[in-house]
$ cat query11.cif   # mmCIF, C-alpha atoms and all ligand atoms
data_entry
loop_
_atom_site.label_atom_id
_atom_site.label_comp_id
_atom_site.auth_asym_id
_atom_site.auth_seq_id
_atom_site.Cartn_x
_atom_site.Cartn_y
_atom_site.Cartn_z
CA MET A 282 75.71 68.77 86.12
CA ALA A 283 78.18 71.58 86.39
CA ARG A 284 78.79 73.69 83.31
CA ILE A 285 82.22 75.25 82.92
CA VAL A 286 83.48 77.72 80.36
CA ILE A 287 87.03 76.97 79.24
CA ASP A 288 88.72 79.92 77.62
CA ALA A 289 91.93 79.45 75.66
CA GLY A 290 93.60 82.83 76.10
CA HIS A 291 94.30 85.09 73.10
CA GLY A 292 93.93 83.71 69.54
CA GLY A 293 93.97 84.86 65.94
CA ARG A 294 95.88 88.11 65.50
CA ASP A 295 96.48 88.25 69.25
CA TYR A 296 99.42 85.86 69.77
CA GLY A 297 99.75 86.52 73.49
CA ALA A 298 103.34 86.21 74.67
CA VAL A 299 105.91 84.97 72.19
CA TYR A 300 109.26 83.36 72.90
CA GLU A 301 111.63 82.00 70.27
CA GLY A 302 108.80 81.47 67.80
CA ARG A 303 106.60 79.80 70.36
CA ARG A 304 103.20 81.50 70.60
CA GLU A 305 101.15 81.61 73.76
CA LYS A 306 97.84 81.36 71.90
CA ASP A 307 98.83 77.91 70.56
CA ASP A 308 99.91 76.54 73.96
CA ASN A 309 96.71 77.92 75.50
CA LEU A 310 94.46 76.28 72.92
CA ARG A 311 96.15 72.90 73.16
CA LEU A 312 95.95 72.94 76.97
CA ALA A 313 92.38 74.24 77.03
CA MET A 314 91.14 71.48 74.71
CA LEU A 315 92.81 68.81 76.85
CA VAL A 316 91.42 70.27 80.09
CA GLY A 317 87.96 70.34 78.48
CA ASP A 318 88.27 66.69 77.39
CA ILE A 319 89.10 65.57 80.92
CA LEU A 320 86.27 67.59 82.42
CA LYS A 321 83.82 66.08 79.91
CA GLN A 322 85.01 62.59 80.81
CA ASN A 323 84.06 63.48 84.38
CA GLY A 324 80.54 64.51 83.57
CA VAL A 325 81.09 68.26 83.29
CA ASP A 326 79.32 70.21 80.56
CA VAL A 327 82.11 72.16 78.84
CA VAL A 328 81.66 75.32 76.80
CA TYR A 329 84.71 76.67 74.93
CA THR A 330 85.17 80.32 74.02
CA ARG A 331 87.23 79.08 71.07
CA THR A 332 88.26 75.73 69.63
CA SER A 333 90.36 77.16 66.80
CA ASP A 334 92.75 80.01 66.12
CA VAL A 335 90.29 82.91 66.23
CA TYR A 336 90.36 86.30 67.90
CA ASN A 337 87.90 87.67 70.40
CA THR A 338 88.42 90.55 72.79
CA PRO A 339 88.60 89.68 76.50
CA LEU A 340 85.29 91.51 76.94
CA GLU A 341 83.66 89.31 74.28
CA LYS A 342 85.05 86.26 76.00
CA ALA A 343 83.60 87.41 79.32
CA ARG A 344 80.25 87.95 77.60
CA MET A 345 80.38 84.43 76.10
CA GLY A 346 80.98 83.16 79.62
CA ASN A 347 77.99 85.06 80.96
CA GLU A 348 75.72 83.91 78.17
CA ALA A 349 76.69 80.25 78.49
CA GLY A 350 74.65 79.78 81.66
CA ALA A 351 77.76 78.31 83.24
CA ASP A 352 78.86 77.89 86.84
CA TYR A 353 82.54 78.74 86.39
CA PHE A 354 84.84 80.48 83.92
CA VAL A 355 88.39 79.20 83.62
CA SER A 356 90.82 80.99 81.33
CA ILE A 357 94.06 79.26 80.34
CA HIS A 358 97.18 81.32 79.68
CA ARG A 359 100.94 81.22 79.85
CA ASN A 360 102.96 83.88 81.58
CA ALA A 361 105.88 86.00 80.41
CA PHE A 362 108.53 88.16 82.03
CA PRO A 363 110.37 91.11 80.42
CA THR A 364 113.67 89.22 80.64
CA PRO A 365 113.41 85.59 79.47
CA ASN A 366 114.48 82.79 81.80
CA THR A 367 114.38 84.92 84.93
CA VAL A 368 111.13 83.75 86.47
CA SER A 369 109.38 80.41 86.33
CA GLY A 370 106.33 78.91 87.96
CA VAL A 371 102.57 78.83 87.93
CA GLU A 372 100.10 81.32 89.32
CA THR A 373 96.35 81.70 89.15
CA LEU A 374 94.67 85.08 88.92
CA VAL A 375 91.31 86.02 90.44
CA TYR A 376 89.30 89.23 90.72
CA ASN A 377 89.59 89.01 94.49
CA ASP A 378 91.02 86.34 96.72
CA SER A 379 87.83 84.96 98.21
CA GLY A 380 85.15 82.36 97.69
CA VAL A 381 85.08 79.22 95.63
CA LYS A 382 87.20 80.68 92.82
CA ALA A 383 90.09 81.26 95.21
CA GLU A 384 89.71 77.73 96.51
CA MET A 385 89.75 76.39 92.96
CA ALA A 386 92.78 78.53 92.14
CA ARG A 387 94.71 77.05 95.08
CA ASN A 388 93.74 73.49 94.17
CA ILE A 389 94.97 74.02 90.61
CA ASN A 390 98.23 75.62 91.75
CA SER A 391 99.03 72.87 94.21
CA ASN A 392 98.33 70.15 91.62
CA LEU A 393 100.68 71.90 89.19
CA GLU A 394 103.26 72.27 91.94
CA GLN A 395 103.25 68.50 92.30
CA LEU A 396 104.36 68.25 88.66
CA GLY A 397 107.46 70.31 89.46
CA PHE A 398 106.31 73.87 88.78
CA VAL A 399 107.13 76.57 91.31
CA ASN A 400 103.88 77.65 92.98
CA LEU A 401 103.73 81.44 92.74
CA GLY A 402 100.32 81.50 94.39
CA VAL A 403 97.00 83.20 93.84
CA LYS A 404 97.06 86.83 92.72
CA GLU A 405 94.31 89.44 92.62
CA ARG A 406 93.87 91.09 89.22
CA PRO A 407 90.68 93.19 89.31
CA ASP A 408 91.80 94.95 86.11
CA LEU A 409 91.39 91.96 83.78
CA ALA A 410 88.16 91.93 81.76
CA VAL A 411 87.71 88.15 81.85
CA LEU A 412 87.81 88.33 85.66
CA ARG A 413 86.02 91.65 86.17
CA ARG A 414 83.26 91.32 83.59
CA THR A 415 82.33 87.70 84.18
CA GLN A 416 79.30 87.32 86.44
CA ILE A 417 80.27 83.82 87.56
CA PRO A 418 83.32 82.69 89.60
CA ALA A 419 86.24 83.19 87.22
CA LEU A 420 89.92 82.44 87.28
CA LEU A 421 92.87 82.72 84.97
CA VAL A 422 95.53 80.03 85.12
CA GLU A 423 99.05 81.03 84.09
CA ALA A 424 100.42 77.58 83.26
CA GLY A 425 104.08 78.44 83.57
CA PHE A 426 106.18 81.07 81.77
CA ILE A 427 106.46 80.71 78.00
CA ASP A 428 109.84 82.43 78.21
CA SER A 429 111.16 79.96 80.79
CA ASN A 430 112.95 76.91 79.40
CA ILE A 431 112.30 75.15 82.71
CA ASP A 432 108.54 75.64 82.47
CA ASN A 433 108.39 74.80 78.76
CA GLU A 434 110.25 71.57 79.43
CA LEU A 435 107.77 70.65 82.19
CA LEU A 436 104.85 71.36 79.89
CA ASP A 437 106.27 69.72 76.77
CA ARG A 438 107.30 66.61 78.66
CA ASN A 439 103.68 65.95 79.51
CA TYR A 440 100.91 68.19 78.27
CA GLU A 441 98.37 65.61 79.42
CA ALA A 442 99.64 65.72 83.00
CA VAL A 443 99.49 69.52 83.10
CA ALA A 444 95.95 69.46 81.71
CA ARG A 445 95.01 66.81 84.24
CA ALA A 446 96.42 68.85 87.11
CA ILE A 447 94.25 71.80 86.08
CA ALA A 448 91.15 69.66 85.48
CA ASP A 449 91.59 67.83 88.79
CA GLY A 450 91.89 71.13 90.62
CA ILE A 451 88.55 72.15 89.14
CA LEU A 452 86.90 68.81 89.86
CA GLU A 453 88.19 68.65 93.43
CA THR A 454 86.58 72.01 94.06
CA ILE A 455 83.18 71.45 92.51
CA GLN A 456 82.77 67.78 93.42
CA PRO A 457 80.15 66.97 90.80
CA GLU A 458 77.18 65.71 92.68
CA VAL A 459 76.65 62.00 92.31
CA PRO A 460 73.60 60.83 94.19
CA TYR A 461 74.84 58.18 96.55
CA TYR A 462 72.38 56.22 98.61
CA LYS A 463 73.26 54.92 102.04
CA VAL A 464 71.34 52.84 104.50
CA GLN A 465 71.30 54.48 107.91
CA VAL A 466 71.15 51.90 110.67
CA GLY A 467 71.73 54.08 113.69
CA LEU A 468 71.94 57.69 114.84
CA PHE A 469 73.73 58.40 118.13
CA ARG A 470 74.89 61.25 120.31
CA ASN A 471 77.23 58.85 122.01
CA GLU A 472 80.28 57.67 120.07
CA ASN A 473 80.62 54.42 122.02
CA ASN A 474 77.10 53.38 121.13
CA ALA A 475 77.81 54.10 117.49
CA ASN A 476 81.03 52.06 117.64
CA ARG A 477 79.22 49.13 119.23
CA LEU A 478 76.67 49.01 116.41
CA LEU A 479 79.43 49.45 113.84
CA GLU A 480 81.39 46.46 115.18
CA GLN A 481 78.28 44.33 115.19
CA LEU A 482 77.43 45.20 111.58
CA VAL A 483 80.98 44.64 110.38
CA SER A 484 81.11 41.26 112.12
CA GLU A 485 77.96 40.32 110.24
CA GLY A 486 79.63 41.26 106.96
CA PHE A 487 77.96 44.61 106.25
CA PRO A 488 80.10 47.41 104.72
CA ALA A 489 79.35 49.76 107.59
CA TYR A 490 81.04 52.97 108.67
CA ILE A 491 80.43 56.01 110.84
CA ASN A 492 79.82 59.54 109.65
CA TYR A 493 79.94 62.35 112.21
CA ALA A 494 78.05 65.56 111.53
CA ASP A 495 76.26 68.21 113.59
CA GLY A 496 76.73 66.40 116.88
CA TYR A 497 75.49 63.02 115.67
CA TYR A 498 77.23 59.78 114.84
CA LYS A 499 75.48 58.15 111.92
CA VAL A 500 76.08 54.45 111.40
CA LEU A 501 75.74 53.86 107.67
CA VAL A 502 75.96 50.97 105.23
CA GLY A 503 76.85 51.66 101.61
CA ALA A 504 77.17 53.78 99.59
CA PHE A 505 75.28 52.74 96.48
CA GLN A 506 74.89 54.68 93.25
CA ASP A 507 71.81 52.67 92.47
CA LEU A 508 68.73 53.08 94.65
CA ALA A 509 67.63 49.47 93.97
CA GLN A 510 70.93 48.20 95.39
CA ALA A 511 70.44 50.32 98.48
CA ARG A 512 66.94 48.87 98.89
CA ASP A 513 68.32 45.30 98.59
CA GLN A 514 70.88 46.03 101.28
CA GLU A 515 68.20 47.58 103.43
CA GLN A 516 66.09 44.43 103.15
CA ARG A 517 69.03 42.28 104.26
CA LEU A 518 69.59 44.55 107.24
CA ARG A 519 65.90 44.34 108.16
CA ASP A 520 66.10 40.56 107.91
CA TYR A 521 68.80 40.83 110.57
CA GLY A 522 66.38 42.83 112.72
CA TYR A 523 67.75 46.32 112.17
CA GLU A 524 65.62 49.40 111.81
CA THR A 525 66.78 51.28 108.77
CA VAL A 526 66.23 54.30 106.58
CA VAL A 527 67.72 55.02 103.15
CA VAL A 528 69.44 58.42 103.00
CA ARG A 529 71.18 60.43 100.29
ZN ZN A 601 98.03 85.44 78.16
#

$ encode --input "query11.cif" --output "structure tokens" --more "lines below"
Ligand SMILES: [Zn+2]
Amino acid sequence: MARIVIDAGHGGRDYGAVYEGRREKDDNLRLAMLVGDILKQNGVDVVYTRTSDVYNTPLEKARMGNEAGADYFVSIHRNAFPTPNTVSGVETLVYNDSGVKAEMARNINSNLEQLGFVNLGVKERPDLAVLRRTQIPALLVEAGFIDSNIDNELLDRNYEAVARAIADGILETIQPEVPYYKVQVGLFRNENNANRLLEQLVSEGFPAYINYADGYYKVLVGAFQDLAQARDQEQRLRDYGYETVVVR
């Protein structure tokens, strides 16, 4: 199971950006808790740096991330521009634009873009403590500008959807490993041979398909989350005279 640290940016005496009485630290916390809920529902072990309005320095937050034994660190913020209502959109910050964190950043951005936010892309920010001092892949999501009426409207209209876009971006990247069992009925170099077996299996009512990898066409039946179910299917296939092997 993946473990992810969710950090609601700022907190306590550190309000973050403020616009017309709206405080970044509050938006961050609300979003972070929702993102964490969705991740938990999807089998992720979530560790929060804060679940209430308390202050910790960015360095302390990075340390919490390191001590959590987690796989990823995701910090949730809202952006601000010196002149309100000039810039709008989402961006995700990383220490450097490479590896899985950059991939996750892009997945999050594009999901948010689908909700109507302008996608300002992935930016390198090696100066930020939560990105520099974390020893695990870390990213900082700027979920729109707090001083942009356009972005606030998008967020306020549907907090859940924004949280889901962020959570889905994370989940799409880490693909929590579910052990699926498949029954392999054939392994071919030749695609036509694989197709012939596939057609035969399908005509006999088996949920068969082909998976191509490393120069081989695998003809598979499944997948099953339960090994016993895979074994049952394997027995049926053997009754039909196929040679089989259960694979993960
Ligand atoms: Zn912030």

$ residues_around --input "query11.cif" --residues "Val526 (chain A)" --least-positions-apart "4" --cutoff "7 Å" --atoms "all atoms listed in the file" --output "NGL selection string"
:A and (464-466)

$ closest_residue --input "query11.cif" --among "A:Arg445, A:Lys342, A:Lys382, A:Arg413" --to "Met314 (chain A)" --atoms "all atoms listed in the file"
A:Arg445

$ closest_residue --input "query11.cif" --among "A:Ala349, A:Ile427, A:Gly397, A:Asn388" --to "Tyr300 (chain A)" --atoms "only C-alpha atoms"
A:Ile427

$ closest_residue --input "query11.cif" --among "A:Ala509, A:Glu341, A:Tyr490, A:Lys463" --to "Val527 (chain A)" --atoms "all atoms listed in the file"
A:Lys463

$ residues_around --input "query11.cif" --residues "Leu412 (chain A)" --least-positions-apart "4" --cutoff "10 Å" --atoms "all atoms listed in the file" --output "NGL selection string"
:A and (339-340 or 343 or 354-356 or 374-377 or 405-408 or 416-421)

$ residues_around --input "query11.cif" --residues "region 511-518 of chain A" --least-positions-apart "5" --cutoff "10 Å" --atoms "only C-alpha atoms" --output "list in words"
Tyr461, Tyr462, Lys463, Val464, Gln465, Val466, Leu482, Glu485, Phe487, Pro488, Val502, Gly503, Ala504, Phe505, Gln506, Tyr523, Glu524, Thr525, Val526, Val527 and Val528 of chain A

$ closest_residue --input "query11.cif" --among "A:Leu396, A:Gly292, A:Ala361, A:Ala351" --to "Glu441 (chain A)" --atoms "only C-alpha atoms"
A:Leu396

$ residues_near_ligand --input "query11.cif" --ligand "ligand ZN 601 (chain A)" --cutoff "7 Å" --atoms "all atoms listed in the file" --output "number ranges by chain"
A: 290-291, 297-298, 305, 358-360

$ closest_residue --input "query11.cif" --among "A:Gly402, A:Pro363, A:Gly324, A:Gly346" --to "Ala386 (chain A)" --atoms "all atoms listed in the file"
A:Gly402

$ atom_distance --input "query11.cif" --atom1 "CA of Gly380 (chain A)" --atom2 "CA of Thr338 (chain A)"
26.4 Å

$ closest_residue --input "query11.cif" --among "A:Val371, A:Ile319, A:Val399, A:Val335" --to "Ala289 (chain A)" --atoms "only C-alpha atoms"
A:Val335

$ build_atoms --input "query11.cif" --residues "region 435-448 of chain A" --atoms "N, CA, C and O atoms" --output "PDB file, in the coordinates of the input"
ATOM      1  N   LEU A 435     108.777  71.338  81.366  1.00  0.00           N
ATOM      2  CA  LEU A 435     107.770  70.650  82.190  1.00  0.00           C
ATOM      3  C   LEU A 435     106.476  70.448  81.420  1.00  0.00           C
ATOM      4  O   LEU A 435     105.835  69.399  81.515  1.00  0.00           O
ATOM      5  N   LEU A 436     106.102  71.460  80.640  1.00  0.00           N
ATOM      6  CA  LEU A 436     104.850  71.360  79.890  1.00  0.00           C
ATOM      7  C   LEU A 436     105.005  70.394  78.711  1.00  0.00           C
ATOM      8  O   LEU A 436     104.160  69.521  78.506  1.00  0.00           O
ATOM      9  N   ASP A 437     106.095  70.547  77.967  1.00  0.00           N
ATOM     10  CA  ASP A 437     106.270  69.720  76.770  1.00  0.00           C
ATOM     11  C   ASP A 437     106.486  68.243  77.101  1.00  0.00           C
ATOM     12  O   ASP A 437     106.120  67.369  76.322  1.00  0.00           O
ATOM     13  N   ARG A 438     107.066  67.995  78.246  1.00  0.00           N
ATOM     14  CA  ARG A 438     107.300  66.610  78.660  1.00  0.00           C
ATOM     15  C   ARG A 438     105.971  65.887  78.807  1.00  0.00           C
ATOM     16  O   ARG A 438     105.835  64.721  78.507  1.00  0.00           O
ATOM     17  N   ASN A 439     104.966  66.610  79.314  1.00  0.00           N
ATOM     18  CA  ASN A 439     103.680  65.950  79.510  1.00  0.00           C
ATOM     19  C   ASN A 439     102.509  66.934  79.567  1.00  0.00           C
ATOM     20  O   ASN A 439     102.070  67.331  80.630  1.00  0.00           O
ATOM     21  N   TYR A 440     102.064  67.301  78.390  1.00  0.00           N
ATOM     22  CA  TYR A 440     100.910  68.190  78.270  1.00  0.00           C
ATOM     23  C   TYR A 440      99.692  67.624  79.000  1.00  0.00           C
ATOM     24  O   TYR A 440      98.950  68.332  79.664  1.00  0.00           O
ATOM     25  N   GLU A 441      99.505  66.309  78.801  1.00  0.00           N
ATOM     26  CA  GLU A 441      98.370  65.610  79.420  1.00  0.00           C
ATOM     27  C   GLU A 441      98.363  65.803  80.933  1.00  0.00           C
ATOM     28  O   GLU A 441      97.329  66.070  81.530  1.00  0.00           O
ATOM     29  N   ALA A 442      99.543  65.637  81.533  1.00  0.00           N
ATOM     30  CA  ALA A 442      99.640  65.720  83.000  1.00  0.00           C
ATOM     31  C   ALA A 442      99.322  67.138  83.477  1.00  0.00           C
ATOM     32  O   ALA A 442      98.670  67.324  84.508  1.00  0.00           O
ATOM     33  N   VAL A 443      99.770  68.125  82.718  1.00  0.00           N
ATOM     34  CA  VAL A 443      99.490  69.520  83.100  1.00  0.00           C
ATOM     35  C   VAL A 443      97.987  69.788  82.977  1.00  0.00           C
ATOM     36  O   VAL A 443      97.375  70.382  83.873  1.00  0.00           O
ATOM     37  N   ALA A 444      97.399  69.294  81.886  1.00  0.00           N
ATOM     38  CA  ALA A 444      95.950  69.460  81.710  1.00  0.00           C
ATOM     39  C   ALA A 444      95.198  68.753  82.832  1.00  0.00           C
ATOM     40  O   ALA A 444      94.221  69.275  83.375  1.00  0.00           O
ATOM     41  N   ARG A 445      95.668  67.578  83.187  1.00  0.00           N
ATOM     42  CA  ARG A 445      95.010  66.810  84.240  1.00  0.00           C
ATOM     43  C   ARG A 445      95.092  67.525  85.587  1.00  0.00           C
ATOM     44  O   ARG A 445      94.138  67.539  86.358  1.00  0.00           O
ATOM     45  N   ALA A 446      96.246  68.124  85.844  1.00  0.00           N
ATOM     46  CA  ALA A 446      96.420  68.850  87.110  1.00  0.00           C
ATOM     47  C   ALA A 446      95.408  70.001  87.208  1.00  0.00           C
ATOM     48  O   ALA A 446      94.811  70.224  88.258  1.00  0.00           O
ATOM     49  N   ILE A 447      95.213  70.693  86.101  1.00  0.00           N
ATOM     50  CA  ILE A 447      94.250  71.800  86.080  1.00  0.00           C
ATOM     51  C   ILE A 447      92.826  71.261  86.231  1.00  0.00           C
ATOM     52  O   ILE A 447      92.041  71.737  87.062  1.00  0.00           O
ATOM     53  N   ALA A 448      92.511  70.237  85.438  1.00  0.00           N
ATOM     54  CA  ALA A 448      91.150  69.660  85.480  1.00  0.00           C
ATOM     55  C   ALA A 448      90.841  69.095  86.863  1.00  0.00           C
ATOM     56  O   ALA A 448      89.746  69.302  87.401  1.00  0.00           O
TER      57      ALA A 448
END
